[in-house]
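See structure below.
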Amino acid sequence: MNPITLRPRALPLSCLLALCLPLSACAKPAEPSAQAAAPIATPAAPAAPLVAGLPDFTQLVDRVGPAVVNIETTIVRSRQARRNGPDMDQMPEFFRRFFGPEFGFPAPGGEGGAPEIRGRGMGSGFIISADGYVLTNHHVIDGAAEVKVKLPDRREFTATVVGSDAQYDVALLKVDAKDLPVLAIGDSNRLKPGQWVVAIGSPFGLDHSVTAGIVSAVGRSTSAEQRYVPFIQTDVAINQGNSGGPLLDVSGQVVGINSQIFSASGGFMGISFAIPIDLAMSAVEQIRSTGKVSRGSLGVSVGAVSSEMVQGFGLPDSRGALVNEVVAGSAAAKAGLEAGDVIRAVNGVAVDSASDLPPRIGLLSPGSKVELEVLREGRPRKFTATLGVLEEDAQRPANGGEQAARPATPESGTVALLGLDVVELTDAQRRQAGLEAGQGVRIAQVSGDAARQARLTPGMIILQVGRNKVGSVAELNRQLAGYKKDDVIMLLVRAGGANAFVAVKAG
């Protein structure tokens, strides 16, 4: 077939004149104005470019690629467990784990011939020693009956799970092989926002996919379940199957393990999170030596310091972690910490927010001594604490304040300054709520706008006004006697088995 040739057509003279007239009008010099406008800005002198060009990652990928592996797991569950378990399609999208999709089908077997569900999960990992140790995420291999590790050279191994830790989301695998390629371990503490990073993994089963971006932030807290992990936030494209793969700096050294995404759809939306490699390698050493990970425990629950709390506690600013509760017999209790203290530094390193404290303490081994810089009633204090062992399985006593029956003739009263009706607790109610004798009064009704804005609700128990404990209606009124309208009153309340300070503007 002959190519089509486009030939120009001659335009009528009238069209040429019409085209020329506006051009001539534009070319006519403008009449000088009476007052010439001054230039808004003068051209700047040429500056050296801050960015010389986009980086080329080909050499990096060639060098590190052989040590990045694909992980495939086989999951076997009874049909009854599947029926009682959560539906993956109904799980919240917020910080969704990118565990590979399960393609379930019934298979005979199981105890007593009960039918089972066999599924497959996918993820990524990387080799950290030539004799076959592989690092990945805990959630990639959690519940797996079999774990397969596939190398880029098409070799495939059945892996042994040496150990894993759900809190750090780290798992250590071992394959029977020698002279394997190994990734170099970097220093995640030196990462700064704006630095280039690269991820290699198997999103949706597509082996050795490479994506790049920058570090968006460091020291991020994503959830209470992983409060001991100061995540690295990046804009590197991460999707299902990237879990457990390495996050690399431009030198090809591992600085993190890709673990989570922030997503409204389940796919990449520009916010990804990685576990710092320093923390992961600390877990690896403990798993290899003891088979488990132990973290230091201070024995406090902490919260953020709001602007209202700055006023209520007389603080210079909102930096630090506010102590809401001190566990009896804990390291903090033995050191002399109290509810209402604000921890500002650990071993000389500043604690800027409440989320900074758990990972700082968790990285230290039990038995370590820590120096704590604290503000108490606005004045600096120092404490030395010997850390205990974190007991994640310890259960708090349930708060029965909302469900417990009221005493037959409780002493009650209205606290107009707070807009609350309160009632005293019986000994049985205190035991059910995990309180000591003579501790706390229960909120029966909320009538004030300020109390509602502070999210006070019936059933909550008021334990303190500021740093002063209350155990009766009369004592609560005595503690409030020195306050006036528009003052910020700090209340320590108990709800759901946990304590927290609440700032209420007096009205």
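By convention in this document, the chains of the structure tokens carry letters A, B, ... by their order, each chain's residues are numbered from 1, and ligands are numbered from 1 in the order they are shown.
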
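Neighbouring residues of Gly132 (chain A) at 9 Å or closer, counting only C-alpha atoms and skipping chain neighbours under 3 positions away, are Ile127, Ile128, Ser129, Leu173, Lys174, Val175, Asp176, Ala177, Lys178, Asp179 and Leu180 of chain A.
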
Looking only at the backbone, which of the residues in region 269-429 of chain A does DSSP tag as strand (DSSP E), as number ranges by chain? A: 272-276, 296-297, 300-303, 321-326, 342-346, 349-350, 369-376, 379-386, 388-389, 412-415, 420-424

Only C-alpha atoms, please: the residues just picked out, written as a compact mmCIF listing (two decimals), in the first residue's frame.
# COMPACT_ATOMS: atom_id res chain seq x y z
CA SER A 272 4.75 3.39 51.76
CA PHE A 273 6.43 2.31 54.98
CA ALA A 274 9.58 0.31 55.65
CA ILE A 275 11.04 -1.17 58.83
CA PRO A 276 14.47 0.35 59.62
CA GLY A 296 12.86 -3.25 77.27
CA SER A 297 9.82 -2.00 79.16
CA VAL A 300 4.05 3.60 81.33
CA SER A 301 1.25 4.48 78.96
CA VAL A 302 1.80 7.81 77.27
CA GLY A 303 -0.09 10.29 75.12
CA ALA A 321 5.35 12.20 76.02
CA LEU A 322 2.69 12.75 78.68
CA VAL A 323 2.55 9.90 81.22
CA ASN A 324 -1.09 8.83 81.55
CA GLU A 325 -0.48 5.78 83.70
CA VAL A 326 2.36 4.14 85.61
CA VAL A 342 6.15 14.68 80.70
CA ILE A 343 9.15 12.67 79.44
CA ARG A 344 11.30 14.98 77.31
CA ALA A 345 14.46 12.90 76.73
CA VAL A 346 15.86 9.37 77.07
CA VAL A 349 18.09 12.06 73.09
CA ALA A 350 15.05 14.31 72.79
CA LYS A 369 19.58 1.63 82.79
CA VAL A 370 18.11 4.75 81.21
CA GLU A 371 18.31 8.40 82.20
CA LEU A 372 14.97 10.17 81.83
CA GLU A 373 14.56 13.93 81.63
CA VAL A 374 11.10 14.85 82.87
CA LEU A 375 8.98 17.94 83.41
CA ARG A 376 6.90 17.75 86.58
CA ARG A 379 9.95 22.04 86.46
CA PRO A 380 12.73 19.78 85.09
CA ARG A 381 13.54 16.57 86.94
CA LYS A 382 15.84 13.61 86.22
CA PHE A 383 15.15 9.94 86.95
CA THR A 384 17.12 6.72 86.44
CA ALA A 385 15.14 3.58 85.59
CA THR A 386 16.21 -0.04 85.09
CA GLY A 388 12.00 -4.56 82.72
CA VAL A 389 10.91 -7.10 80.10
CA SER A 412 -23.82 11.63 93.58
CA GLY A 413 -23.51 15.25 92.65
CA THR A 414 -23.44 17.79 89.84
CA VAL A 415 -20.17 19.49 88.98
CA LEU A 420 -20.90 16.66 84.65
CA ASP A 421 -23.03 14.55 86.93
CA VAL A 422 -20.84 12.12 88.89
CA VAL A 423 -21.49 9.20 91.21
CA GLU A 424 -19.24 7.33 93.62

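Here the DSSP assignment of helix (DSSP H, G or I), based on backbone atoms, applies within region 216-317 of chain A to Ala224, Glu225, Gln226, Ile277, Asp278, Leu279, Ala280, Met281, Ser282, Ala283, Val284, Glu285, Gln286, Ile287, Arg288, Ser289, Thr290, Ser307, Glu308, Met309, Val310, Gln311, Gly312 and Phe313 of chain A.
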
Report, in Å to a single decimal, how far apart CA of Tyr168 (chain A) and CA of Ala500 (chain A) are. 25.6 Å

For Gly186 (chain A), list every protein, DNA or RNA residue within 7 Å, evaluated using only C-alpha atoms, and leave out those in the same chain fewer than 4 positions away; present the list as a PyMOL selection string. chain A and resi 253-255

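Nearest-residue note for Ser289 (chain A): choosing from A:Leu390, A:Gln429, A:Gly163, A:Arg154, the minimum distance belongs to A:Gly163, counting only C-alpha atoms.
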
Mind running region 237-353 of chain A against region 214-232 of chain A at 10 Å and telling me each contacting residue's nearest atom pair with the distance in Å (one decimal), counting only C-alpha atoms, chain and number ascending, as a tab-separated table?
residue	atom	partner	partner_atom	distance
A:Leu247	CA	A:Ile232	CA	9.7
A:Asp249	CA	A:Ile214	CA	9.6
A:Val255	CA	A:Ile232	CA	9.2
A:Gly256	CA	A:Ile232	CA	7.5
A:Ile257	CA	A:Ile232	CA	9.2
A:Asn258	CA	A:Ile232	CA	9.0
A:Ser259	CA	A:Phe231	CA	9.1
A:Gln260	CA	A:Thr222	CA	9.1
A:Ile261	CA	A:Thr222	CA	9.9
A:Phe262	CA	A:Thr222	CA	9.2
A:Gly270	CA	A:Ser216	CA	9.8
A:Ile271	CA	A:Ser216	CA	8.3
A:Ser272	CA	A:Ile232	CA	8.1
A:Phe273	CA	A:Ile232	CA	5.4
A:Ala274	CA	A:Ile232	CA	5.0
A:Ile275	CA	A:Phe231	CA	5.3
A:Pro276	CA	A:Phe231	CA	6.4
A:Ile277	CA	A:Ile232	CA	9.9
A:Leu279	CA	A:Val229	CA	7.8
A:Ala280	CA	A:Val229	CA	9.6
A:Arg295	CA	A:Tyr228	CA	9.0

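Every protein, DNA or RNA residue with an atom at most 9 Å from region 445-459 of chain A, where only C-alpha atoms count and chain neighbours fewer than 3 positions away do not, is listed here: Gly400, Gly401, Glu402, Gln403, Ala416, Leu417, Leu418, Gly419, Leu420, Asp421, Val422, Arg442, Val493, Ala495, Val502, Ala503, Val504, Lys505, Ala506 and Gly507 of chain A.
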
Quick one: write out the picked residues with N, CA and C atoms as a JSON list (two decimals), in the first residue's frame?
[["chain", "number", "residue", "atom", "x", "y", "z"],
["A", 400, "GLY", "N", -15.19, -2.08, 84.04],
["A", 400, "GLY", "CA", -16.59, -2.40, 84.24],
["A", 400, "GLY", "C", -17.42, -1.20, 84.62],
["A", 401, "GLY", "N", -16.84, 0.00, 84.54],
["A", 401, "GLY", "CA", -17.58, 1.17, 84.98],
["A", 401, "GLY", "C", -18.87, 1.38, 84.24],
["A", 402, "GLU", "N", -18.87, 1.08, 82.93],
["A", 402, "GLU", "CA", -20.06, 1.37, 82.14],
["A", 402, "GLU", "C", -21.10, 0.27, 82.29],
["A", 403, "GLN", "N", -20.65, -0.95, 82.56],
["A", 403, "GLN", "CA", -21.58, -2.06, 82.61],
["A", 403, "GLN", "C", -21.97, -2.43, 84.03],
["A", 416, "ALA", "N", -20.92, 21.68, 88.24],
["A", 416, "ALA", "CA", -21.32, 22.67, 87.25],
["A", 416, "ALA", "C", -20.12, 23.19, 86.47],
["A", 417, "LEU", "N", -18.96, 23.30, 87.12],
["A", 417, "LEU", "CA", -17.79, 23.84, 86.46],
["A", 417, "LEU", "C", -17.36, 22.98, 85.27],
["A", 418, "LEU", "N", -17.65, 21.67, 85.36],
["A", 418, "LEU", "CA", -17.28, 20.75, 84.29],
["A", 418, "LEU", "C", -18.47, 20.35, 83.42],
["A", 419, "GLY", "N", -19.68, 20.62, 83.88],
["A", 419, "GLY", "CA", -20.85, 20.18, 83.15],
["A", 419, "GLY", "C", -21.04, 18.68, 83.24],
["A", 420, "LEU", "N", -20.82, 18.11, 84.44],
["A", 420, "LEU", "CA", -20.90, 16.66, 84.65],
["A", 420, "LEU", "C", -21.75, 16.33, 85.85],
["A", 421, "ASP", "N", -22.44, 15.19, 85.76],
["A", 421, "ASP", "CA", -23.03, 14.55, 86.93],
["A", 421, "ASP", "C", -22.16, 13.35, 87.26],
["A", 422, "VAL", "N", -21.73, 13.20, 88.50],
["A", 422, "VAL", "CA", -20.84, 12.12, 88.89],
["A", 422, "VAL", "C", -21.44, 11.33, 90.03],
["A", 442, "ARG", "N", -17.33, 8.00, 89.08],
["A", 442, "ARG", "CA", -17.81, 7.67, 87.74],
["A", 442, "ARG", "C", -18.68, 8.79, 87.19],
["A", 493, "VAL", "N", -8.66, 10.35, 83.37],
["A", 493, "VAL", "CA", -9.85, 9.50, 83.32],
["A", 493, "VAL", "C", -9.47, 8.10, 82.89],
["A", 495, "ALA", "N", -10.98, 4.69, 80.89],
["A", 495, "ALA", "CA", -12.01, 4.16, 79.99],
["A", 495, "ALA", "C", -11.42, 3.01, 79.21],
["A", 502, "VAL", "N", -7.27, 14.31, 79.98],
["A", 502, "VAL", "CA", -8.20, 15.05, 79.13],
["A", 502, "VAL", "C", -8.24, 16.49, 79.60],
["A", 503, "ALA", "N", -8.13, 17.42, 78.65],
["A", 503, "ALA", "CA", -8.19, 18.84, 78.97],
["A", 503, "ALA", "C", -9.61, 19.35, 78.78],
["A", 504, "VAL", "N", -10.19, 19.96, 79.83],
["A", 504, "VAL", "CA", -11.55, 20.49, 79.78],
["A", 504, "VAL", "C", -11.51, 21.95, 80.16],
["A", 505, "LYS", "N", -12.13, 22.78, 79.33],
["A", 505, "LYS", "CA", -12.20, 24.21, 79.63],
["A", 505, "LYS", "C", -13.36, 24.46, 80.59],
["A", 506, "ALA", "N", -13.05, 25.04, 81.73],
["A", 506, "ALA", "CA", -14.07, 25.22, 82.79],
["A", 506, "ALA", "C", -15.14, 26.21, 82.32],
["A", 507, "GLY", "N", -16.39, 25.87, 82.58],
["A", 507, "GLY", "CA", -17.51, 26.76, 82.26],
["A", 507, "GLY", "C", -18.49, 26.72, 83.36]]

Calculate how many Å separate CA of Arg430 (chain A) from CA of Gly340 (chain A), rounding to one decimal. 21.7 Å

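Straight-line separation from CA of Val465 (chain A) to CA of Arg478 (chain A): 10.0 Å.
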
Find the residues near region 146-150 of chain A: any atom within 8 Å, counting only C-alpha atoms, skip ones fewer than 6 places away on the same chain, and give them as a PyMOL selection string. chain A and resi 69-75+156-160+175

How about saving the chosen residues, all heavy atoms kept, as a JSON list (two decimals), in the first residue's frame?
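Dumped to selection08.json:
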[["chain", "number", "residue", "atom", "x", "y", "z"],
["A", 69, "VAL", "N", 14.97, -12.26, 46.65],
["A", 69, "VAL", "CA", 14.29, -13.52, 46.37],
["A", 69, "VAL", "C", 12.78, -13.35, 46.40],
["A", 69, "VAL", "O", 12.24, -12.38, 46.97],
["A", 69, "VAL", "CB", 14.71, -14.61, 47.39],
["A", 69, "VAL", "CG1", 16.21, -14.82, 47.36],
["A", 69, "VAL", "CG2", 14.24, -14.24, 48.80],
["A", 70, "ASN", "N", 12.11, -14.30, 45.77],
["A", 70, "ASN", "CA", 10.65, -14.39, 45.82],
["A", 70, "ASN", "C", 10.28, -15.45, 46.85],
["A", 70, "ASN", "O", 10.92, -16.51, 46.93],
["A", 70, "ASN", "CB", 10.11, -14.77, 44.44],
["A", 70, "ASN", "CG", 8.63, -15.10, 44.47],
["A", 70, "ASN", "OD1", 8.28, -16.25, 44.68],
["A", 70, "ASN", "ND2", 7.79, -14.12, 44.26],
["A", 71, "ILE", "N", 9.27, -15.16, 47.66],
["A", 71, "ILE", "CA", 8.82, -16.10, 48.70],
["A", 71, "ILE", "C", 7.38, -16.50, 48.42],
["A", 71, "ILE", "O", 6.52, -15.64, 48.24],
["A", 71, "ILE", "CB", 8.96, -15.49, 50.10],
["A", 71, "ILE", "CG1", 10.44, -15.24, 50.41],
["A", 71, "ILE", "CG2", 8.34, -16.39, 51.16],
["A", 71, "ILE", "CD1", 10.68, -14.54, 51.73],
["A", 72, "GLU", "N", 7.15, -17.78, 48.40],
["A", 72, "GLU", "CA", 5.80, -18.31, 48.18],
["A", 72, "GLU", "C", 5.45, -19.24, 49.34],
["A", 72, "GLU", "O", 6.24, -20.10, 49.72],
["A", 72, "GLU", "CB", 5.74, -19.06, 46.86],
["A", 72, "GLU", "CG", 4.32, -19.49, 46.45],
["A", 72, "GLU", "CD", 4.29, -20.12, 45.09],
["A", 72, "GLU", "OE1", 4.54, -19.41, 44.09],
["A", 72, "GLU", "OE2", 4.03, -21.33, 45.01],
["A", 73, "THR", "N", 4.27, -19.04, 49.91],
["A", 73, "THR", "CA", 3.86, -19.83, 51.06],
["A", 73, "THR", "C", 2.61, -20.62, 50.74],
["A", 73, "THR", "O", 1.77, -20.20, 49.93],
["A", 73, "THR", "CB", 3.59, -18.93, 52.28],
["A", 73, "THR", "OG1", 2.52, -18.02, 51.97],
["A", 73, "THR", "CG2", 4.82, -18.13, 52.67],
["A", 74, "THR", "N", 2.49, -21.76, 51.40],
["A", 74, "THR", "CA", 1.29, -22.58, 51.32],
["A", 74, "THR", "C", 0.59, -22.53, 52.66],
["A", 74, "THR", "O", 1.20, -22.79, 53.70],
["A", 74, "THR", "CB", 1.63, -24.04, 50.96],
["A", 74, "THR", "OG1", 2.32, -24.05, 49.71],
["A", 74, "THR", "CG2", 0.37, -24.87, 50.85],
["A", 75, "ILE", "N", -0.69, -22.18, 52.63],
["A", 75, "ILE", "CA", -1.46, -22.01, 53.86],
["A", 75, "ILE", "C", -2.53, -23.09, 53.89],
["A", 75, "ILE", "O", -3.27, -23.27, 52.91],
["A", 75, "ILE", "CB", -2.10, -20.62, 53.92],
["A", 75, "ILE", "CG1", -1.01, -19.55, 53.83],
["A", 75, "ILE", "CG2", -2.92, -20.44, 55.17],
["A", 75, "ILE", "CD1", -1.48, -18.23, 53.36],
["A", 156, "GLU", "N", 15.27, -23.14, 43.55],
["A", 156, "GLU", "CA", 14.16, -23.07, 44.49],
["A", 156, "GLU", "C", 14.48, -23.93, 45.71],
["A", 156, "GLU", "O", 14.98, -25.06, 45.58],
["A", 156, "GLU", "CB", 12.87, -23.55, 43.83],
["A", 156, "GLU", "CG", 11.64, -23.46, 44.71],
["A", 156, "GLU", "CD", 10.37, -23.87, 43.98],
["A", 156, "GLU", "OE1", 10.19, -23.40, 42.83],
["A", 156, "GLU", "OE2", 9.58, -24.64, 44.55],
["A", 157, "PHE", "N", 14.21, -23.38, 46.91],
["A", 157, "PHE", "CA", 14.51, -24.09, 48.16],
["A", 157, "PHE", "C", 13.28, -24.08, 49.06],
["A", 157, "PHE", "O", 12.51, -23.11, 49.06],
["A", 157, "PHE", "CB", 15.67, -23.42, 48.90],
["A", 157, "PHE", "CG", 16.95, -23.36, 48.13],
["A", 157, "PHE", "CD1", 17.26, -22.25, 47.35],
["A", 157, "PHE", "CD2", 17.86, -24.41, 48.19],
["A", 157, "PHE", "CE1", 18.43, -22.18, 46.65],
["A", 157, "PHE", "CE2", 19.05, -24.35, 47.48],
["A", 157, "PHE", "CZ", 19.33, -23.23, 46.71],
["A", 158, "THR", "N", 13.14, -25.13, 49.84],
["A", 158, "THR", "CA", 12.16, -25.14, 50.93],
["A", 158, "THR", "C", 12.84, -24.57, 52.16],
["A", 158, "THR", "O", 13.89, -25.08, 52.59],
["A", 158, "THR", "CB", 11.65, -26.57, 51.22],
["A", 158, "THR", "OG1", 11.00, -27.07, 50.05],
["A", 158, "THR", "CG2", 10.67, -26.55, 52.38],
["A", 159, "ALA", "N", 12.27, -23.49, 52.71],
["A", 159, "ALA", "CA", 12.92, -22.77, 53.80],
["A", 159, "ALA", "C", 12.41, -23.21, 55.17],
["A", 159, "ALA", "O", 11.25, -23.62, 55.32],
["A", 159, "ALA", "CB", 12.70, -21.27, 53.63],
["A", 160, "THR", "N", 13.27, -23.11, 56.14],
["A", 160, "THR", "CA", 12.91, -23.31, 57.54],
["A", 160, "THR", "C", 12.74, -21.94, 58.20],
["A", 160, "THR", "O", 13.59, -21.06, 58.02],
["A", 160, "THR", "CB", 14.00, -24.10, 58.28],
["A", 160, "THR", "OG1", 14.16, -25.37, 57.65],
["A", 160, "THR", "CG2", 13.64, -24.30, 59.74],
["A", 175, "VAL", "N", 17.73, -21.45, 54.33],
["A", 175, "VAL", "CA", 17.70, -22.43, 53.25],
["A", 175, "VAL", "C", 19.03, -23.17, 53.22],
["A", 175, "VAL", "O", 20.06, -22.65, 53.65],
["A", 175, "VAL", "CB", 17.42, -21.76, 51.87],
["A", 175, "VAL", "CG1", 16.07, -21.09, 51.88],
["A", 175, "VAL", "CG2", 18.53, -20.77, 51.51]]
